[in-house]
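Here is the structure we will look at.
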Amino acid sequence: MLRLTDRLNRIQPSPSSMAGQRVRELRAAGRDVIGLTAGEPDFETPLHIREAAAAAMAAGKTRYTDVGGTAELREAVARKFRRENGLDYATSEIIVGTGAKQVIFNAILCTVQQGDEVIVPAPYWVSYPDITLFAGGVPVFVACQPQTGFKLTPEDLERAISPRSRWLILNSPNNPSGAAYTREELAALAAVLERHPHVWVMTDDIYEHLTYDNATFFTLAQVAPSLKDRTLTINGVSKAYAMTGWRIGYAGGPTALVKAMVKLQSQSTSGANAIAQAAAVAALDGPQDFIAANREVFQARRDAVVSALRKIDGIDCQPPAGAFYAFASCEGLISARTPDGKVIQSSDDWVAWLLESQNLAVLQGSAYGVDSHFRLSFATSMAQLSEGARRIEAAAAALIR
Ligand SMILES: Cc1ncc(COP(=O)(O)O)c(C=O)c1O
């Protein structure tokens, strides 16, 4: 019999990847399923980036690169941090990995051991707890409230810190809630962290360019330079440049940490794909105007979907400040019954009912640590979104309350 490790048994498959796969299977079986589960832009990677990849291939950039990323890409990342975030990182303080996910994985595997705590504000991106568990660490969840816009408060942060805390993971704009921290809010969290020098901070800034209503993005090391020597500033090209499949993420942080991560990477992937790294240089150094154009498209979709959801009896939704997810409450439907008598007791039941009765796939809030909500991606066409909202309304209306 195949024997799997305890470390593997501690983790679950990623619920968003599983949901995407389920949609594909149901479609293949002939069901007219709408999937609003995708965590990726529906736009094509801009042409100049694809052309840069083709040119890199033609020029024979087909070999192993430096484990931590090509010098060209690490320089482009350093320019990006300086230009967009006012952060000075030397190339020795930068690592490139196979997606931001691998960068996070590396950082946690290098620094978290048995019993070490990682503070994870909820709602959270599904992978933070599982990567922590894989490393033998303990995710310490801090429930953020809808009343604070699902943001971590300084008081809650203070309460969550213990002598075993290794990291705080801050994700702004947040997947799934869309919460985006202001400069003042980050400064208030920084003031708490100043008092606890043993706590390091991982900022996951992957949705940096997807903020709405002209909000300005800030990252912690920029707002609180005194924390820079214990902050890992994580970002990537997946979301802003519609490059999810290219698998390029990066981070800036203290040299000792970056060196450790490169050491681990040298024994896993040997570094990110060479062609994709050349494409990422073109993304970071090239024209940026399409980012604003995409943002406008996303904002119009956000407005449409939020207003449609708010009209549905039993559903509530606050407009997200960033990212491309609506994180809606289904609390008003809890305890309702389906026509064949099944009681909706959780977001899991609601999401299952949507799929069963309306062929609509969304994600249960329980996967993100908030069971009263569900997540719907608006990185899809207006037509799909309005059909999705129609199906949600029909599924809610069919419940007996
Ligand atoms: C919050 C968050 N961080 C990181 C990632 C991973 O990004 P990448 O494609 O760079 O691995 C995602 C992808 O969904 C995400 O939502």
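Chains: A, B, ... in order of the structure tokens. Residues: from 1 per chain. Ligands: from 1, in order shown.
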
Next item on the list: Enumerate as a ChimeraX atom specification the residues within 10 Å of ligand 1, counting only C-alpha atoms and all ligand atoms.
Entry: /A:16-17,38-40,97-105,124-128,170-176,178,203-207,234-239,242-250,323-325

Next item on the list: Mind checking which residues fall within 7 Å of segment 47-59 of chain A, counting only C-alpha atoms, ignoring those fewer than 3 positions away in the same chain, and posting them as a PyMOL selection string?
Entry: chain A and resi 62+275-276+278-279+282-283

Check: Looking at only C-alpha atoms, which of A:Pro319, A:Pro129, A:Gly68, A:Gly137 is the one that sits closest to Val258 of chain A?
Finding: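 Answer, going by the shortest atom-to-atom distance: A:Gly68.
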
Check: Could you pull the residues within 12 Å of Gly30 of chain A, counting only C-alpha atoms, minus those fewer than 6 positions along the same chain, as a PyMOL selection string?
Finding: chain A and resi 23-24+359

Keeping only C-alpha atoms, write the selected residues as a PDB file, in the first residue's frame.
ATOM      1  CA  VAL A  23     -16.490  22.660 -13.438  1.00  0.00           C
ATOM      2  CA  ARG A  24     -14.453  21.198 -16.296  1.00  0.00           C
ATOM      3  CA  ASN A 359     -25.378  24.733 -12.477  1.00  0.00           C
TER       4      ASN A 359
END

Next item on the list: Compare A:Ile95, A:Ile119, A:Ile131, A:Val192 by their minimum atom-to-atom distance to Leu227 of chain A, counting only C-alpha atoms, and give me the closest one.
Entry: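 Checking each of A:Ile95, A:Ile119, A:Ile131, A:Val192 against Leu227 of chain A, counting only C-alpha atoms, the winner is A:Val192.
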
Note to self: DSSP on the backbone: which residues in segment 228-326 of chain A end up as helix (DSSP H, G or I)? Give the answer as a ChimeraX atom specification.
What the structure shows: /A:228-230,244-246,255-266,274-285,289-310

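Considering the residues A:Glu117, A:Val281, A:Arg310, A:Trp350 and counting only C-alpha atoms, Ala78 of chain A has its shortest atom-to-atom contact with A:Val281.
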
Checklist line | Between atom CA of Gly149 of chain A and atom CA of Ser347 of chain A - distance in Å to one decimal | finding: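 Spanning atom CA of Ser347 of chain A to atom CA of Gly149 of chain A is a straight-line distance of 19.3 Å.
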
Notebook entry, point to check: If we count only C-alpha atoms, what is near segment 219-223 of chain A at a cut-off of 7 Å, once residues fewer than 2 positions away on the same chain are taken out, given as a list in words?
Noted result: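 Non-adjacent residues within range: Asn85, Gly86, Leu87, Arg183, Leu186, Ala187, Phe217, Pro225, Leu227, Lys228 and Thr231 of chain A.
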